[in-house]
>>> print(open('input-v1.pdb').read())   # PDB, C-alpha atoms and all ligand atoms
ATOM      1  CA  MET F   1     -21.610 -14.931  -5.484
ATOM      2  CA  ALA F   2     -20.798 -11.224  -5.152
ATOM      3  CA  ASP F   3     -18.836  -9.635  -7.995
ATOM      4  CA  MET F   4     -15.389  -8.952  -6.524
ATOM      5  CA  THR F   5     -13.788  -7.315  -9.559
ATOM      6  CA  VAL F   6     -12.702  -3.685  -9.294
ATOM      7  CA  GLU F   7     -12.108  -1.224 -12.131
ATOM      8  CA  PHE F   8      -9.453   1.176 -10.892
ATOM      9  CA  LEU F   9      -7.775   3.840 -13.037
ATOM     10  CA  GLY F  10      -8.429   1.857 -16.209
ATOM     11  CA  MET F  11      -7.084  -1.382 -14.726
ATOM     12  CA  ARG F  12      -9.163  -4.439 -13.852
ATOM     13  CA  PHE F  13      -8.416  -6.170 -10.522
ATOM     14  CA  ARG F  14      -9.888  -9.650  -9.990
ATOM     15  CA  ASN F  15     -10.587  -8.750  -6.351
ATOM     16  CA  PRO F  16      -9.769  -5.709  -4.152
ATOM     17  CA  VAL F  17      -6.927  -7.284  -2.094
ATOM     18  CA  LEU F  18      -3.327  -6.413  -3.043
ATOM     19  CA  PRO F  19       0.004  -6.787  -1.325
ATOM     20  CA  ALA F  20       1.255  -3.514   0.224
ATOM     21  CA  ALA F  21       4.967  -2.775  -0.266
ATOM     22  CA  GLY F  22       7.185  -4.684   2.157
ATOM     23  CA  PRO F  23       9.200  -7.891   2.537
ATOM     24  CA  ASN F  24       6.091  -9.827   1.472
ATOM     25  CA  VAL F  25       6.820  -8.574  -2.096
ATOM     26  CA  ARG F  26      10.596  -8.199  -1.826
ATOM     27  CA  ASP F  27      11.394  -9.925  -5.153
ATOM     28  CA  GLY F  28       9.847 -11.597  -8.187
ATOM     29  CA  GLU F  29       9.342 -14.919  -6.418
ATOM     30  CA  HIS F  30       7.307 -13.291  -3.651
ATOM     31  CA  LEU F  31       5.209 -11.430  -6.234
ATOM     32  CA  LEU F  32       4.578 -14.734  -8.015
ATOM     33  CA  GLU F  33       3.528 -16.217  -4.646
ATOM     34  CA  ALA F  34       1.169 -13.272  -4.101
ATOM     35  CA  ALA F  35      -0.501 -13.923  -7.473
ATOM     36  CA  GLU F  36      -0.770 -17.633  -6.676
ATOM     37  CA  GLY F  37      -2.053 -16.736  -3.204
ATOM     38  CA  GLY F  38      -5.059 -15.025  -4.758
ATOM     39  CA  ALA F  39      -4.102 -11.318  -4.760
ATOM     40  CA  GLY F  40      -6.412  -9.191  -6.897
ATOM     41  CA  GLY F  41      -3.403  -7.360  -8.351
ATOM     42  CA  LEU F  42       0.310  -7.032  -7.622
ATOM     43  CA  LEU F  43       2.338  -4.236  -6.054
ATOM     44  CA  SER F  44       6.103  -4.517  -5.659
ATOM     45  CA  LYS F  45       8.486  -3.424  -2.872
ATOM     46  CA  THR F  46       9.668   0.185  -3.138
ATOM     47  CA  ILE F  47      12.898   0.629  -5.060
ATOM     48  CA  SER F  48      15.183   3.639  -5.145
ATOM     49  CA  VAL F  49      18.341   4.535  -7.032
ATOM     50  CA  ASP F  50      20.500   2.501  -4.639
ATOM     51  CA  ALA F  51      19.965  -0.640  -2.573
ATOM     52  CA  ALA F  52      18.835   0.193   0.976
ATOM     53  CA  PRO F  53      21.284  -0.277   3.853
ATOM     54  CA  VAL F  54      18.841  -1.981   6.216
ATOM     55  CA  PRO F  55      19.812  -2.013   9.922
ATOM     56  CA  MET F  56      19.674  -5.310  11.860
ATOM     57  CA  PRO F  57      17.516  -6.391  13.543
ATOM     58  CA  HIS F  58      14.874  -4.569  11.545
ATOM     59  CA  MET F  59      11.539  -6.221  12.400
ATOM     60  CA  ALA F  60       9.849  -7.195  15.649
ATOM     61  CA  ALA F  61       6.373  -8.528  16.380
ATOM     62  CA  ILE F  62       4.819  -6.668  19.326
ATOM     63  CA  ARG F  63       1.400  -6.983  20.947
ATOM     64  CA  GLY F  64      -1.181  -5.666  18.510
ATOM     65  CA  GLY F  65       1.210  -5.171  15.640
ATOM     66  CA  PHE F  66       4.700  -4.961  14.355
ATOM     67  CA  ILE F  67       7.581  -2.463  14.408
ATOM     68  CA  ASN F  68      10.200  -2.234  11.695
ATOM     69  CA  THR F  69      13.099  -0.170  10.471
ATOM     70  CA  GLU F  70      13.124  -1.674   7.002
ATOM     71  CA  LEU F  71      13.784   0.966   4.360
ATOM     72  CA  TRP F  72      13.220   0.494   0.639
ATOM     73  CA  SER F  73      14.426  -2.576  -1.304
ATOM     74  CA  GLU F  74      17.727  -4.155  -0.323
ATOM     75  CA  LEU F  75      18.097  -5.182  -3.966
ATOM     76  CA  PRO F  76      19.675  -2.629  -6.284
ATOM     77  CA  PRO F  77      17.429  -1.300  -9.068
ATOM     78  CA  GLU F  78      19.550  -3.112 -11.693
ATOM     79  CA  ARG F  79      18.500  -6.424 -10.172
ATOM     80  CA  TRP F  80      14.816  -5.477 -10.374
ATOM     81  CA  LEU F  81      15.206  -4.277 -13.966
ATOM     82  CA  GLY F  82      17.281  -7.301 -14.970
ATOM     83  CA  LYS F  83      15.262 -10.042 -13.313
ATOM     84  CA  GLU F  84      12.622  -9.414 -10.648
ATOM     85  CA  TYR F  85      10.159  -7.293 -12.679
ATOM     86  CA  SER F  86      10.132  -9.872 -15.495
ATOM     87  CA  ILE F  87       9.103 -12.586 -13.034
ATOM     88  CA  ALA F  88       6.461 -10.281 -11.558
ATOM     89  CA  ARG F  89       5.136  -9.246 -14.996
ATOM     90  CA  SER F  90       4.808 -12.886 -16.098
ATOM     91  CA  ALA F  91       3.003 -13.713 -12.840
ATOM     92  CA  ALA F  92       0.617 -10.789 -13.359
ATOM     93  CA  ASP F  93      -0.039 -11.732 -17.000
ATOM     94  CA  GLU F  94      -0.586 -15.372 -16.104
ATOM     95  CA  ALA F  95      -3.176 -14.387 -13.486
ATOM     96  CA  GLY F  96      -4.655 -11.626 -15.673
ATOM     97  CA  ILE F  97      -4.036  -8.940 -13.034
ATOM     98  CA  PRO F  98      -2.239  -5.555 -13.030
ATOM     99  CA  LEU F  99       1.240  -4.816 -11.663
ATOM    100  CA  ILE F 100       1.815  -1.572  -9.740
ATOM    101  CA  ILE F 101       5.468  -0.675  -9.162
ATOM    102  CA  SER F 102       6.453   1.254  -6.022
ATOM    103  CA  LEU F 103       9.385   3.640  -6.168
ATOM    104  CA  GLY F 104      10.885   6.563  -4.259
ATOM    105  CA  TYR F 105      11.751   9.192  -3.291
ATOM    106  CA  THR F 106      12.882  12.597  -4.601
ATOM    107  CA  ALA F 107      11.919  14.074  -7.969
ATOM    108  CA  GLN F 108      15.480  13.538  -9.224
ATOM    109  CA  GLU F 109      15.468   9.879  -8.191
ATOM    110  CA  ILE F 110      12.052   9.294  -9.750
ATOM    111  CA  ALA F 111      13.042  11.046 -12.983
ATOM    112  CA  GLN F 112      16.011   8.679 -13.162
ATOM    113  CA  LEU F 113      14.108   5.464 -12.355
ATOM    114  CA  ALA F 114      10.578   5.835 -13.737
ATOM    115  CA  PRO F 115      11.352   5.761 -17.506
ATOM    116  CA  LYS F 116      13.139   2.421 -17.041
ATOM    117  CA  LEU F 117       9.954   0.838 -15.617
ATOM    118  CA  LYS F 118       7.978   1.193 -18.859
ATOM    119  CA  PRO F 119       8.148  -2.491 -19.936
ATOM    120  CA  TRP F 120       6.561  -3.735 -16.712
ATOM    121  CA  ALA F 121       4.474  -1.106 -14.917
ATOM    122  CA  ASP F 122       0.698  -0.798 -15.309
ATOM    123  CA  ALA F 123       0.868   1.991 -12.720
ATOM    124  CA  LEU F 124       3.338   3.577 -10.309
ATOM    125  CA  GLU F 125       3.035   4.108  -6.567
ATOM    126  CA  LEU F 126       5.284   6.832  -5.165
ATOM    127  CA  SER F 127       6.430   6.418  -1.579
ATOM    128  CA  THR F 128       6.664   9.730   0.268
ATOM    129  CA  HIS F 129       7.936   8.144   3.477
ATOM    130  CA  TYR F 130      11.194  10.054   3.752
ATOM    131  CA  LEU F 131      10.123  13.337   2.166
ATOM    132  CA  GLY F 132       9.162  15.202   5.369
ATOM    133  CA  GLU F 133       6.217  17.444   6.115
ATOM    134  CA  ASP F 134       6.588  20.072   3.390
ATOM    135  CA  PRO F 135       4.270  19.029   0.493
ATOM    136  CA  ARG F 136       6.608  20.437  -2.187
ATOM    137  CA  PRO F 137       8.901  17.384  -2.528
ATOM    138  CA  MET F 138       5.780  15.209  -2.946
ATOM    139  CA  ILE F 139       4.399  17.580  -5.594
ATOM    140  CA  GLU F 140       7.738  17.550  -7.452
ATOM    141  CA  ALA F 141       7.888  13.746  -7.224
ATOM    142  CA  ILE F 142       4.413  13.456  -8.799
ATOM    143  CA  ASP F 143       5.418  15.853 -11.534
ATOM    144  CA  ALA F 144       8.573  13.840 -12.267
ATOM    145  CA  ALA F 145       6.618  10.556 -12.448
ATOM    146  CA  LYS F 146       3.876  12.002 -14.656
ATOM    147  CA  SER F 147       6.446  13.444 -17.055
ATOM    148  CA  ALA F 148       8.455  10.210 -17.188
ATOM    149  CA  LEU F 149       5.800   7.615 -17.898
ATOM    150  CA  ASP F 150       2.287   7.536 -19.328
ATOM    151  CA  VAL F 151       0.680   5.322 -16.667
ATOM    152  CA  PRO F 152      -1.499   6.163 -13.633
ATOM    153  CA  VAL F 153       0.478   7.551 -10.685
ATOM    154  CA  LEU F 154      -0.602   6.835  -7.121
ATOM    155  CA  VAL F 155       0.896   8.613  -4.143
ATOM    156  CA  LYS F 156       1.321   6.714  -0.900
ATOM    157  CA  MET F 157       0.690   8.957   2.086
ATOM    158  CA  SER F 158       3.008   8.849   5.020
ATOM    159  CA  PRO F 159       1.140   9.994   8.112
ATOM    160  CA  LEU F 160       4.160  11.537   9.824
ATOM    161  CA  GLY F 161       3.141  15.081  10.761
ATOM    162  CA  ARG F 162       0.816  15.390   7.784
ATOM    163  CA  GLU F 163      -2.721  16.608   7.691
ATOM    164  CA  MET F 164      -4.307  14.096   5.348
ATOM    165  CA  LYS F 165      -6.976  16.229   3.688
ATOM    166  CA  ALA F 166      -4.495  18.968   2.784
ATOM    167  CA  ALA F 167      -1.897  16.444   1.608
ATOM    168  CA  ALA F 168      -4.481  14.669  -0.562
ATOM    169  CA  GLN F 169      -5.616  17.952  -2.090
ATOM    170  CA  ALA F 170      -1.994  18.911  -2.816
ATOM    171  CA  ALA F 171      -1.449  15.497  -4.463
ATOM    172  CA  LYS F 172      -4.542  15.936  -6.609
ATOM    173  CA  GLU F 173      -3.561  19.430  -7.698
ATOM    174  CA  ALA F 174      -0.109  18.107  -8.611
ATOM    175  CA  GLY F 175      -1.728  15.561 -10.956
ATOM    176  CA  ALA F 176      -1.787  12.357  -8.913
ATOM    177  CA  ASP F 177      -4.331   9.857 -10.254
ATOM    178  CA  GLY F 178      -4.915   8.006  -6.975
ATOM    179  CA  ILE F 179      -3.863   7.778  -3.347
ATOM    180  CA  SER F 180      -2.651   4.930  -1.145
ATOM    181  CA  ALA F 181      -3.131   5.459   2.576
ATOM    182  CA  THR F 182      -1.312   4.867   4.745
ATOM    183  CA  ASN F 183       2.289   3.902   5.282
ATOM    184  CA  SER F 184       3.372   2.769   8.765
ATOM    185  CA  PHE F 185       3.180   5.246  11.698
ATOM    186  CA  GLY F 186       5.950   6.472  13.926
ATOM    187  CA  PRO F 187       8.502   6.833  15.142
ATOM    188  CA  ALA F 188       7.730   3.966  17.517
ATOM    189  CA  PHE F 189       9.907   2.162  20.035
ATOM    190  CA  GLY F 190       9.949  -1.164  21.855
ATOM    191  CA  LEU F 191      12.404  -3.104  23.992
ATOM    192  CA  ASN F 192      13.029  -6.581  25.288
ATOM    193  CA  VAL F 193      12.735  -6.539  29.106
ATOM    194  CA  GLU F 194      14.856  -9.689  29.412
ATOM    195  CA  THR F 195      17.890  -8.030  27.831
ATOM    196  CA  GLY F 196      17.104  -4.355  28.323
ATOM    197  CA  TYR F 197      17.970  -3.791  24.664
ATOM    198  CA  PRO F 198      15.655  -2.232  22.066
ATOM    199  CA  TRP F 199      14.075  -4.665  19.634
ATOM    200  CA  LEU F 200      15.427  -2.802  16.614
ATOM    201  CA  GLY F 201      18.830  -1.690  15.389
ATOM    202  CA  GLY F 202      19.623   1.488  13.485
ATOM    203  CA  LYS F 203      19.673   5.126  14.491
ATOM    204  CA  ASN F 204      17.843   5.645  17.840
ATOM    205  CA  SER F 205      16.454   2.098  17.530
ATOM    206  CA  TYR F 206      13.227   3.777  16.443
ATOM    207  CA  GLY F 207      10.830   1.844  14.239
ATOM    208  CA  TRP F 208       7.528   2.191  12.391
ATOM    209  CA  LEU F 209       4.271   0.717  13.613
ATOM    210  CA  SER F 210       2.153  -1.517  11.383
ATOM    211  CA  GLY F 211      -0.443  -4.252  11.863
ATOM    212  CA  PRO F 212      -3.776  -4.283  13.741
ATOM    213  CA  ALA F 213      -2.828  -1.453  16.148
ATOM    214  CA  LEU F 214      -2.601   0.836  13.131
ATOM    215  CA  LYS F 215      -6.025   0.156  11.679
ATOM    216  CA  PRO F 216      -8.157   2.856  13.358
ATOM    217  CA  LEU F 217      -5.509   5.489  12.569
ATOM    218  CA  SER F 218      -5.139   4.552   8.894
ATOM    219  CA  LEU F 219      -8.869   4.062   8.491
ATOM    220  CA  ARG F 220      -9.457   7.586   9.745
ATOM    221  CA  CYS F 221      -6.985   8.853   7.143
ATOM    222  CA  VAL F 222      -8.819   7.023   4.340
ATOM    223  CA  TYR F 223     -12.147   8.361   5.604
ATOM    224  CA  ASP F 224     -10.745  11.923   5.584
ATOM    225  CA  ILE F 225      -9.119  11.585   2.155
ATOM    226  CA  ALA F 226     -12.292  10.141   0.622
ATOM    227  CA  GLN F 227     -14.186  13.232   1.742
ATOM    228  CA  ALA F 228     -11.478  15.658   0.646
ATOM    229  CA  VAL F 229     -10.782  14.508  -2.933
ATOM    230  CA  ASP F 230     -12.506  12.423  -5.598
ATOM    231  CA  LEU F 231      -9.394  10.328  -6.344
ATOM    232  CA  PRO F 232      -9.580   6.525  -6.044
ATOM    233  CA  ILE F 233      -7.920   5.145  -2.900
ATOM    234  CA  ILE F 234      -5.985   2.027  -1.877
ATOM    235  CA  GLY F 235      -6.623   1.615   1.871
ATOM    236  CA  VAL F 236      -3.692   0.168   3.832
ATOM    237  CA  GLY F 237      -3.056  -0.388   7.532
ATOM    238  CA  GLY F 238      -3.737  -3.291   9.872
ATOM    239  CA  ILE F 239      -5.902  -5.352   7.533
ATOM    240  CA  SER F 240      -5.843  -9.007   8.512
ATOM    241  CA  ASN F 241      -9.296 -10.318   7.665
ATOM    242  CA  GLY F 242     -12.278  -9.760   5.401
ATOM    243  CA  LYS F 243     -14.133  -7.492   7.809
ATOM    244  CA  ASP F 244     -11.109  -5.191   8.162
ATOM    245  CA  ALA F 245     -11.063  -4.866   4.385
ATOM    246  CA  ILE F 246     -14.821  -4.243   4.244
ATOM    247  CA  GLU F 247     -14.364  -1.357   6.702
ATOM    248  CA  TYR F 248     -11.821   0.271   4.393
ATOM    249  CA  ILE F 249     -14.103  -0.096   1.371
ATOM    250  CA  MET F 250     -17.009   1.413   3.336
ATOM    251  CA  ALA F 251     -14.709   4.282   4.394
ATOM    252  CA  GLY F 252     -14.086   5.097   0.733
ATOM    253  CA  ALA F 253     -11.253   2.856  -0.517
ATOM    254  CA  SER F 254     -11.626   0.976  -3.813
ATOM    255  CA  LEU F 255      -8.774  -1.474  -3.165
ATOM    256  CA  VAL F 256      -6.905  -2.543  -0.028
ATOM    257  CA  GLY F 257      -3.257  -3.370   0.668
ATOM    258  CA  VAL F 258      -1.925  -5.964   3.106
ATOM    259  CA  CYS F 259       1.647  -6.123   4.410
ATOM    260  CA  THR F 260       2.052  -7.207   8.055
ATOM    261  CA  ALA F 261      -0.579  -9.969   7.887
ATOM    262  CA  ALA F 262       1.250 -11.366   4.836
ATOM    263  CA  ILE F 263       4.588 -11.279   6.689
ATOM    264  CA  MET F 264       3.013 -13.163   9.598
ATOM    265  CA  ARG F 265       0.776 -15.601   7.693
ATOM    266  CA  GLY F 266       2.263 -15.925   4.205
ATOM    267  CA  SER F 267       1.123 -15.070   0.698
ATOM    268  CA  GLY F 268      -2.087 -17.111   0.870
ATOM    269  CA  ILE F 269      -3.535 -14.315   3.043
ATOM    270  CA  TYR F 270      -4.591 -12.146   0.055
ATOM    271  CA  GLY F 271      -6.943 -14.822  -1.287
ATOM    272  CA  ILE F 272      -8.175 -15.672   2.222
ATOM    273  CA  ILE F 273      -9.140 -12.042   2.864
ATOM    274  CA  ALA F 274     -10.790 -11.752  -0.566
ATOM    275  CA  ARG F 275     -12.861 -14.890   0.074
ATOM    276  CA  GLU F 276     -13.869 -13.627   3.525
ATOM    277  CA  MET F 277     -15.002 -10.364   1.925
ATOM    278  CA  GLU F 278     -16.989 -12.243  -0.711
ATOM    279  CA  LYS F 279     -18.707 -14.360   1.953
ATOM    280  CA  TRP F 280     -19.567 -11.269   3.984
ATOM    281  CA  LEU F 281     -21.082  -9.604   0.912
ATOM    282  CA  ASP F 282     -23.070 -12.750   0.079
ATOM    283  CA  ASP F 283     -24.300 -13.110   3.662
ATOM    284  CA  HIS F 284     -25.452  -9.484   3.664
ATOM    285  CA  GLY F 285     -27.084  -9.602   0.236
ATOM    286  CA  TYR F 286     -24.723  -7.238  -1.608
ATOM    287  CA  PRO F 287     -24.304  -8.186  -5.291
ATOM    288  CA  SER F 288     -20.835  -6.616  -5.621
ATOM    289  CA  VAL F 289     -18.009  -5.059  -3.631
ATOM    290  CA  GLU F 290     -18.703  -1.812  -5.479
ATOM    291  CA  GLU F 291     -22.122  -1.636  -3.714
ATOM    292  CA  ILE F 292     -20.537  -0.984  -0.320
ATOM    293  CA  ARG F 293     -17.855   1.481  -1.411
ATOM    294  CA  ALA F 294     -18.006   4.764   0.520
ATOM    295  CA  LEU F 295     -21.139   3.644   2.356
ATOM    296  CA  ALA F 296     -19.813   5.160   5.591
ATOM    297  CA  LEU F 297     -19.166   8.603   4.136
ATOM    298  CA  PRO F 298     -21.608  11.228   5.383
ATOM    299  CA  GLU F 299     -23.321  11.809   1.990
ATOM    300  CA  ALA F 300     -23.572   8.131   1.088
ATOM    301  CA  ALA F 301     -24.668   7.216   4.596
ATOM    302  CA  GLY F 302     -27.313   9.933   4.398
ATOM    303  CA  GLU F 303     -28.567   8.717   1.021
ATOM    304  CA  ALA F 304     -28.706   5.146   2.271
ATOM    305  CA  ARG F 305     -30.647   6.224   5.335
ATOM    306  CA  HIS F 306     -33.148   8.271   3.359
ATOM    307  CA  GLY F 307     -33.178   6.428   0.069
TER     308      GLY F 307
HETATM  309  C1  LIG F 401       8.777  -4.583   7.242
HETATM  310  C2  LIG F 401       8.014  -3.543   6.466
HETATM  311  C3  LIG F 401       8.552  -2.977   5.321
HETATM  312  C4  LIG F 401       7.866  -1.997   4.593
HETATM  313  N1  LIG F 401       8.414  -1.465   3.453
HETATM  314  C5  LIG F 401       7.711  -0.548   2.733
HETATM  315  C6  LIG F 401       8.226  -0.024   1.521
HETATM  316  O1  LIG F 401       9.290  -0.398   1.039
HETATM  317  N2  LIG F 401       7.488   0.911   0.871
HETATM  318  C7  LIG F 401       6.281   1.353   1.340
HETATM  319  O2  LIG F 401       5.649   2.194   0.706
HETATM  320  N3  LIG F 401       5.750   0.846   2.476
HETATM  321  C8  LIG F 401       6.432  -0.077   3.173
HETATM  322  N4  LIG F 401       5.886  -0.612   4.316
HETATM  323  C9  LIG F 401       4.563  -0.151   4.763
HETATM  324  C10 LIG F 401       3.460  -1.104   4.333
HETATM  325  O3  LIG F 401       3.354  -1.173   2.924
HETATM  326  C11 LIG F 401       2.091  -0.633   4.892
HETATM  327  O4  LIG F 401       1.787   0.636   4.374
HETATM  328  C12 LIG F 401       2.071  -0.549   6.413
HETATM  329  O5  LIG F 401       2.858  -1.533   7.001
HETATM  330  C13 LIG F 401       0.636  -0.678   6.959
HETATM  331  O6  LIG F 401       0.014  -1.857   6.482
HETATM  332  P1  LIG F 401      -0.002  -3.248   7.328
HETATM  333  O7  LIG F 401      -0.556  -2.927   8.680
HETATM  334  O8  LIG F 401      -0.853  -4.158   6.510
HETATM  335  O9  LIG F 401       1.422  -3.705   7.409
HETATM  336  C14 LIG F 401       6.578  -1.596   5.034
HETATM  337  C15 LIG F 401       6.017  -2.189   6.189
HETATM  338  C16 LIG F 401       6.707  -3.154   6.891
HETATM  339  C17 LIG F 401       6.068  -3.772   8.114
END
>>> encode(input="input-v1.pdb", output="structure tokens", more="lines below")
Ligand SMILES: Cc1cc2nc3c(=O)[nH]c(=O)nc-3n(C[C@H](O)[C@H](O)[C@H](O)COP(=O)(O)O)c2cc1C
Amino acid sequence: MADMTVEFLGMRFRNPVLPAAGPNVRDGEHLLEAAEGGAGGLLSKTISVDAAPVPMPHMAAIRGGFINTELWSELPPERWLGKEYSIARSAADEAGIPLIISLGYTAQEIAQLAPKLKPWADALELSTHYLGEDPRPMIEAIDAAKSALDVPVLVKMSPLGREMKAAAQAAKEAGADGISATNSFGPAFGLNVETGYPWLGGKNSYGWLSGPALKPLSLRCVYDIAQAVDLPIIGVGGISNGKDAIEYIMAGASLVGVCTAAIMRGSGIYGIIAREMEKWLDDHGYPSVEEIRALALPEAAGEARHG
């Protein structure tokens, strides 16, 4: 049986498959379900200084994926600090896996929130989804997180108008310890032909694309980032089976995140994907998941070809 454990920024994951931030990890109970469903580690829904005012309807399944206008957590931070993180921490400890806490967005908001996360967080993931194209707010957010708490800080890349290699380099220079890539893409739009109304509510009825349609776009971002910086990567976008996850690991990711497939198929999906990966590795004679990491990158591919 292939070794599925991953050492990542000083943390030990029992396999490479984590939840990505979304309704699949919207509270402590869902994080407990993710641990029971076989996730290699936990990652919680993004919180900010206030509860998010989420427009309705805010999710729609479309062919090849999903569009949503969900923002950050609809629960106020006090609720996470008072209850949800304790449930998640116990679930992580019970399973012997790490807990990464996602938060956003500006440096001021992160400076306010991050110190309060100390009792629960093994690492932080900063969402940059609403920070725009200028890298400075991201750099300031990293700085605020690094100053607030002595745990690894990952930055989650939002692909909107950003050149990934430059953004990853800016994140590294600002002191980020790792990168998650990517968030959902957009803006996107869809409508119901029977009613003539858009699927989603909110301003413009625009949404963000996730799910299988996103995979080649996000995978390209991971491939670019892995060549641009030597930071460890969580690959996210359209992963719904073991082979999808294997592609991300070969493109340079160390761990993978799953959101839409978990919304559609439930929290057992993390363990299913991990077992599919393990079977693929066994069938192909690889002794560990680490063996295939970055295999598709030009240097590694060259070494493999010639070595
Ligand atoms: C309904 C929904 C809510 C999401 N909420 C968040 C969030 O709060 N924070 C975040 O960083 N990403 C959020 N995402 C993005 C996902 O974590 C992920 O990056 C993206 O959907 C691509 O992965 P997937 O194809 O597996 O869904 C959300 C995605 C969806 C579909």
>>> axis_aligned_box(input="input-v1.pdb", around="ligand LIG 401 (chain F)", padding_each_side="4 Å", output="JSON")
{"center_x": 4.2, "center_y": -1.2, "center_z": 4.7, "size_x": 18.1, "size_y": 14.8, "size_z": 16.0}
>>> closest_residue(input="input-v1.pdb", among="F:Ala35, F:Val49, F:Met264, F:Ala144", to="ligand LIG 401 (chain F)", atoms="all atoms listed in the file")
F:Met264
>>> atom_distance(input="input-v1.pdb", atom1="atom N1 of ligand LIG 401 (chain F)", atom2="CA of Ala121 in chain F")
18.8 Å
>>> closest_atom_pairs(input="input-v1.pdb", of="chain F", to="ligand LIG 401 (chain F)", cutoff="6 Å", atoms="all atoms listed in the file", output="tab-separated table")
residue	atom	partner	partner_atom	distance
F:Ala20	CA	F:LIG401	O3	4.1
F:Ala21	CA	F:LIG401	O3	3.9
F:Gly22	CA	F:LIG401	N1	3.7
F:Pro23	CA	F:LIG401	C3	5.7
F:Lys45	CA	F:LIG401	O1	5.0
F:Thr46	CA	F:LIG401	O1	4.2
F:Asn68	CA	F:LIG401	C1	5.2
F:Glu70	CA	F:LIG401	C3	5.0
F:Leu71	CA	F:LIG401	O1	5.8
F:Trp72	CA	F:LIG401	O1	4.0
F:Ser127	CA	F:LIG401	O2	4.9
F:Thr182	CA	F:LIG401	O4	5.3
F:Asn183	CA	F:LIG401	O4	3.4
F:Ser184	CA	F:LIG401	C12	4.3
F:Ser210	CA	F:LIG401	O7	4.1
F:Gly211	CA	F:LIG401	O7	3.4
F:Val236	CA	F:LIG401	O6	5.0
F:Gly237	CA	F:LIG401	O6	3.6
F:Gly238	CA	F:LIG401	O7	3.4
F:Ile239	CA	F:LIG401	O8	5.3
F:Val258	CA	F:LIG401	O8	4.0
F:Cys259	CA	F:LIG401	O8	3.8
F:Thr260	CA	F:LIG401	O9	3.6
F:Ala261	CA	F:LIG401	O8	6.0
>>> residues_around(input="input-v1.pdb", residues="Lys243 in chain F", least_positions_apart="4", cutoff="8 Å", atoms="only C-alpha atoms", output="ChimeraX atom specification")
/F:247,276-277,280
>>> resolve_selection(input="input-v1.pdb", expression="the PyMOL selection byres (((chain F and resi 200-205) around 6) and not hetatm)", output="VMD selection string")
chain F and resid 55 to 58 198 to 199 206
>>> write_last_selection(input="input-v1.pdb", atoms="C-alpha atoms", output="PDB file, in the coordinates of the input")
ATOM      1  CA  PRO F  55      19.812  -2.013   9.922  1.00  0.00           C
ATOM      2  CA  MET F  56      19.674  -5.310  11.860  1.00  0.00           C
ATOM      3  CA  PRO F  57      17.516  -6.391  13.543  1.00  0.00           C
ATOM      4  CA  HIS F  58      14.874  -4.569  11.545  1.00  0.00           C
ATOM      5  CA  PRO F 198      15.655  -2.232  22.066  1.00  0.00           C
ATOM      6  CA  TRP F 199      14.075  -4.665  19.634  1.00  0.00           C
ATOM      7  CA  TYR F 206      13.227   3.777  16.443  1.00  0.00           C
TER       8      TYR F 206
END
>>> residues_around(input="input-v1.pdb", residues="range 148-161 of chain F", least_positions_apart="5", cutoff="6 Å", atoms="all atoms listed in the file", output="MDAnalysis selection string")
chainID F and resid 114:115 123:127 129 176:183
>>> residues_around(input="input-v1.pdb", residues="Asp122 in chain F", least_positions_apart="3", cutoff="8 Å", atoms="all atoms listed in the file", output="VMD selection string")
chain F and resid 11 98 to 101 151 to 152
>>> closest_residue(input="input-v1.pdb", among="F:Ser288, F:Ser147, F:Ser267, F:Ser86", to="Ile246 in chain F", atoms="only C-alpha atoms")
F:Ser288
>>> residues_around(input="input-v1.pdb", residues="Ala167 in chain F", least_positions_apart="5", cutoff="10 Å", atoms="only C-alpha atoms", output="list in words")
Glu133, Asp134, Pro135, Met138, Ile139, Met157, Ser158, Pro159, Arg162, Lys172, Glu173, Ile225 and Ala228 of chain F
>>> resolve_selection(input="input-v1.pdb", expression="the PyMOL selection byres (((chain F and resi 104) around 8) and not hetatm)", output="list in words")
Thr46, Ile47, Ser48, Ser102, Leu103, Tyr105, Thr106, Glu109, Ile110, Leu126, Ser127 and Thr128 of chain F
>>> write_last_selection(input="input-v1.pdb", atoms="C-alpha atoms", output="PDB file, in the coordinates of the input")
ATOM      1  CA  THR F  46       9.668   0.185  -3.138  1.00  0.00           C
ATOM      2  CA  ILE F  47      12.898   0.629  -5.060  1.00  0.00           C
ATOM      3  CA  SER F  48      15.183   3.639  -5.145  1.00  0.00           C
ATOM      4  CA  SER F 102       6.453   1.254  -6.022  1.00  0.00           C
ATOM      5  CA  LEU F 103       9.385   3.640  -6.168  1.00  0.00           C
ATOM      6  CA  TYR F 105      11.751   9.192  -3.291  1.00  0.00           C
ATOM      7  CA  THR F 106      12.882  12.597  -4.601  1.00  0.00           C
ATOM      8  CA  GLU F 109      15.468   9.879  -8.191  1.00  0.00           C
ATOM      9  CA  ILE F 110      12.052   9.294  -9.750  1.00  0.00           C
ATOM     10  CA  LEU F 126       5.284   6.832  -5.165  1.00  0.00           C
ATOM     11  CA  SER F 127       6.430   6.418  -1.579  1.00  0.00           C
ATOM     12  CA  THR F 128       6.664   9.730   0.268  1.00  0.00           C
TER      13      THR F 128
END
